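Okay, structure first, notes after.
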Amino acid sequence: EGGVTVRGGGGFTLVTPQLEYHETLGEARTRDLVSFSRGTTRGTSLGMSYEVGAQVVRLRSDVRAEMPMGSMGLATVRATSAVHDLKGRTLDMREYRTMTERGETLSGVQLVATFRETGGIERLVGDEGFSLETQHAVQTNAPSSPLARLLALEGSRTIQGRRLAVEFSESSEPLSIAISGEALLTAAGVDPATTPSSIAARTLVFDLTNGTVTRARAEGSVNLQGGSAAGETGGFRLLSDSLDAAFDPNLGSLMNVEGEGAIHLTDQGMRSEGTRTFLDPNSDIVTLTGDEGSPASASWVGRRIEARQIEADRRRKTLSARGGVRVSFEPQPDASPGQNPPQGARPLPFFRTGETIYAMAGSLTFADQGKVARYRDRVRLWQADSRLEASEIDVNEGTGLLEARGEVVSTFHQPPPADHAAVSNPSDEIITVAAATMKYERPSGRIIYSGRVVVTQGALRVDSDSMVVTLAPDGGSAEKMEAAGGVAMRDRGRTGHGDKLIGDLKTNTIRLIGIGREAVVQDE
């Protein structure tokens, strides 16, 4: 009585007003307030028992402790009870709540702290469920980006799971945080109008430097949902087998996110699948990659795209694909303000509205909700009998313009005039135009071919320097063809030469004209 001090191994010290020692049990007890310390850890408890032989201290109730955690500051712990194993250098706390000076709050059923021989903390392990809440006020210098908000570097976070493990350096600085068993991170930005983002997985692991996250990894059924600001549509969601994120500890910004496995991505109206994905918040570009024989795929504004690699630029609202690109879509009538196309006008010449168009290319870029397309490297578009091939094709469905360059081949079905009998060979109704370039102007209903143009239909062949095709009002067939410059014509046993050729497909007649000379026709 009168103030008792007990000193144990490892620098453990215990102070209490009164202590009873039961020699037959090898146990010291008190119901009074107990003060204890070990290294830099200090605390109190109401009541205590000390098993001297086993060197185990049982703190009975209302346990309070303080321990420094490096850059996280002084951590304050409250628990209903605790057990301190002096030999094992552990402090096992029950129904605990821990708060740090920096604003982290950790609570749960069981928390075990392991100390180093020098007295500093080595590890924290929480079992039977826990919740970790943080308020992170680091101002990021990265550009505003929905991807930069995925882990809410500015704002509050809540981490939950069945088990928590925190590793510390010799200076009691946290090095890593591992969460397992129904791991879930929910993050909210500083803007209350921003919806929270979240990551759910079997395990979550965070690497830290000076208390700041430098890397985050998720494994097993990963479900990442990005937060969205006011006015944003189409929430970001990523499903994968694993996820790896890197952070800049100096700027406090997210540098990139990589996912692997069975990737399923939903973002701003786009749905895509692949085996690997890369998210760059600085450029705000999401890259999706497939494997050999299993390309990446995406569905966006009615377009179905397959390629080895697909990129979605979230800032510019564009989509790009490279490597074995395959596309299919059903064109819709243009309804742009100020546009007044002919009744039933088609978005592409000779291609019907409401029927699937297929495309192949080496690369492709979509913009303006898919209405602007840039196809590159051995391009082919086709629908039934209509086909267009070129090295490059640019399409703007909104303005009704199309440009094709490099070894252009255009094929379309031309029905016979109404007062003519159907041809015996259906292939004779197919017209093929080869040229160096092609330009389609929907407002004027014209197609302009240039660069040594060759037109064939059955036995008919026309060679010229350029050609203008005037389309029927619905854009599905041609009404007139005008060839100019070094015109040569051949039709079975008939050949002709001139400077200009006018073909009226409504009356099935051809006029050959010479400019400053005679046109010549020879009929065998």
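We label chains A, B, ... in the order they appear in the structure tokens, count residues from 1 in each chain, and number ligands from 1 in the order shown.
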Using only C-alpha atoms, determine which residues lie at most 8 Å from Val454 (chain A), disregarding the query and same-chain residues fewer than 6 positions distant; provide the list as a list in words.
Val433, Ala434, Ala435, Arg461, Val462, Asp463 and Ser464 of chain A
What lies within 6 Å of region 77-86 of chain A using only C-alpha atoms, ignoring chain neighbours under 3 positions off, as a ChimeraX atom specification?
/A:55-65,89-98
Can you pull out every residue within 10 Å of Ala459 (chain A), counting only C-alpha atoms, but drop anything in the same chain fewer than 6 positions away, and send it as a PyMOL selection string?
chain A and resi 428+490-493
Take the residues from that selection and write them out as a PDB file, in the first residue's frame, keeping N, CA and C atoms.
ATOM      1  N   ASP A 428     -24.318  -7.253-112.692  1.00  0.00           N
ATOM      2  CA  ASP A 428     -24.263  -6.124-113.619  1.00  0.00           C
ATOM      3  C   ASP A 428     -24.878  -4.864-113.017  1.00  0.00           C
ATOM      4  N   ARG A 490     -14.963   1.901-122.519  1.00  0.00           N
ATOM      5  CA  ARG A 490     -15.068   0.621-123.214  1.00  0.00           C
ATOM      6  C   ARG A 490     -16.327  -0.096-122.744  1.00  0.00           C
ATOM      7  N   ASP A 491     -17.157  -0.571-123.712  1.00  0.00           N
ATOM      8  CA  ASP A 491     -18.390  -1.279-123.382  1.00  0.00           C
ATOM      9  C   ASP A 491     -18.576  -2.388-124.407  1.00  0.00           C
ATOM     10  N   ARG A 492     -18.200  -3.585-124.035  1.00  0.00           N
ATOM     11  CA  ARG A 492     -18.193  -4.748-124.934  1.00  0.00           C
ATOM     12  C   ARG A 492     -17.359  -4.410-126.182  1.00  0.00           C
ATOM     13  N   GLY A 493     -17.949  -4.372-127.387  1.00  0.00           N
ATOM     14  CA  GLY A 493     -17.177  -4.099-128.587  1.00  0.00           C
ATOM     15  C   GLY A 493     -17.076  -2.631-128.937  1.00  0.00           C
TER      16      GLY A 493
END
Set the distance at 8 Å and use only C-alpha atoms: which residues neighbour Ala436 (chain A) once local chain neighbours fewer than 3 positions away are removed? I'd like the list as a list of chain:residue names.
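Answer for this query is A:Arg405, A:Gly406, A:Glu407, A:Val408, A:Tyr449, A:Ser450, A:Gly451, A:Arg452, A:Val453.
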Would you save the residues of that selection, restricted to N, CA, C and O atoms, as an mmCIF file, in the first residue's frame?
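Saved result, again-v1.cif, follows:
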data_model
loop_
_atom_site.group_PDB
_atom_site.id
_atom_site.type_symbol
_atom_site.label_atom_id
_atom_site.label_comp_id
_atom_site.auth_asym_id
_atom_site.auth_seq_id
_atom_site.Cartn_x
_atom_site.Cartn_y
_atom_site.Cartn_z
ATOM 1 N N ARG A 405 -8.952 8.595 -98.794
ATOM 2 C CA ARG A 405 -7.687 8.850 -99.486
ATOM 3 C C ARG A 405 -6.878 7.565 -99.589
ATOM 4 O O ARG A 405 -6.877 6.765 -98.646
ATOM 5 N N GLY A 406 -6.201 7.416 -100.723
ATOM 6 C CA GLY A 406 -5.278 6.308 -100.903
ATOM 7 C C GLY A 406 -5.942 5.024 -101.354
ATOM 8 O O GLY A 406 -6.570 4.334 -100.554
ATOM 9 N N GLU A 407 -5.812 4.709 -102.669
ATOM 10 C CA GLU A 407 -6.341 3.455 -103.229
ATOM 11 C C GLU A 407 -7.809 3.254 -102.863
ATOM 12 O O GLU A 407 -8.213 2.226 -102.318
ATOM 13 N N VAL A 408 -8.594 4.263 -103.197
ATOM 14 C CA VAL A 408 -10.017 4.240 -102.864
ATOM 15 C C VAL A 408 -10.753 3.288 -103.805
ATOM 16 O O VAL A 408 -10.573 3.321 -105.016
ATOM 17 N N TYR A 449 -14.700 12.045 -107.081
ATOM 18 C CA TYR A 449 -13.554 11.149 -107.149
ATOM 19 C C TYR A 449 -12.457 11.846 -107.954
ATOM 20 O O TYR A 449 -12.736 12.545 -108.941
ATOM 21 N N SER A 450 -11.189 11.644 -107.573
ATOM 22 C CA SER A 450 -10.089 12.246 -108.326
ATOM 23 C C SER A 450 -8.864 11.338 -108.257
ATOM 24 O O SER A 450 -8.789 10.443 -107.409
ATOM 25 N N GLY A 451 -7.920 11.600 -109.178
ATOM 26 C CA GLY A 451 -6.671 10.836 -109.184
ATOM 27 C C GLY A 451 -6.762 9.563 -109.998
ATOM 28 O O GLY A 451 -6.674 8.477 -109.469
ATOM 29 N N ARG A 452 -6.942 9.695 -111.307
ATOM 30 C CA ARG A 452 -7.071 8.559 -112.237
ATOM 31 C C ARG A 452 -8.179 7.619 -111.790
ATOM 32 O O ARG A 452 -7.961 6.595 -111.133
ATOM 33 N N VAL A 453 -9.373 7.988 -112.154
ATOM 34 C CA VAL A 453 -10.580 7.291 -111.727
ATOM 35 C C VAL A 453 -10.920 6.192 -112.723
ATOM 36 O O VAL A 453 -10.854 6.387 -113.942
#
Could you state the separation of CA of Glu27 (chain A) and CA of Gly43 (chain A) in Å, given to one decimal place?
20.9 Å
Excluding Ser427 (chain A) and its own-chain neighbours fewer than 6 positions away, which residues fall within 10 Å of it when counting only C-alpha atoms? Please give them as a ChimeraX atom specification.
/A:385,413-414,457-458
Please identify every residue of region 398-466 of chain A that has at least one atom no farther than 10 Å from an atom of region 357-371 of chain A, counting only C-alpha atoms, and for each give the shortest atom pair and the distance in Å to one decimal, arranged by chain then increasing number, as CSV.
residue,atom,partner,partner_atom,distance
A:Gly398,CA,A:Lys371,CA,6.1
A:Thr399,CA,A:Lys371,CA,9.1
A:Gly400,CA,A:Lys371,CA,9.6
Nearest to Ala296 (chain A) among A:Leu14, A:Ala312, A:Leu402, A:Ala321, with distances taken over only C-alpha atoms: which residue is it?
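Using only C-alpha atoms, Ala296 (chain A) sits closest to A:Ala321.
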Quick one: distance from CA of Ala404 (chain A) to CA of Lys439 (chain A) in Å, one decimal?
6.4 Å
Spatial neighbours of Ser176 (chain A), 9 Å, only C-alpha atoms, chain gap at least 4 places, as a PyMOL selection string:
chain A and resi 165-168+205-209+213
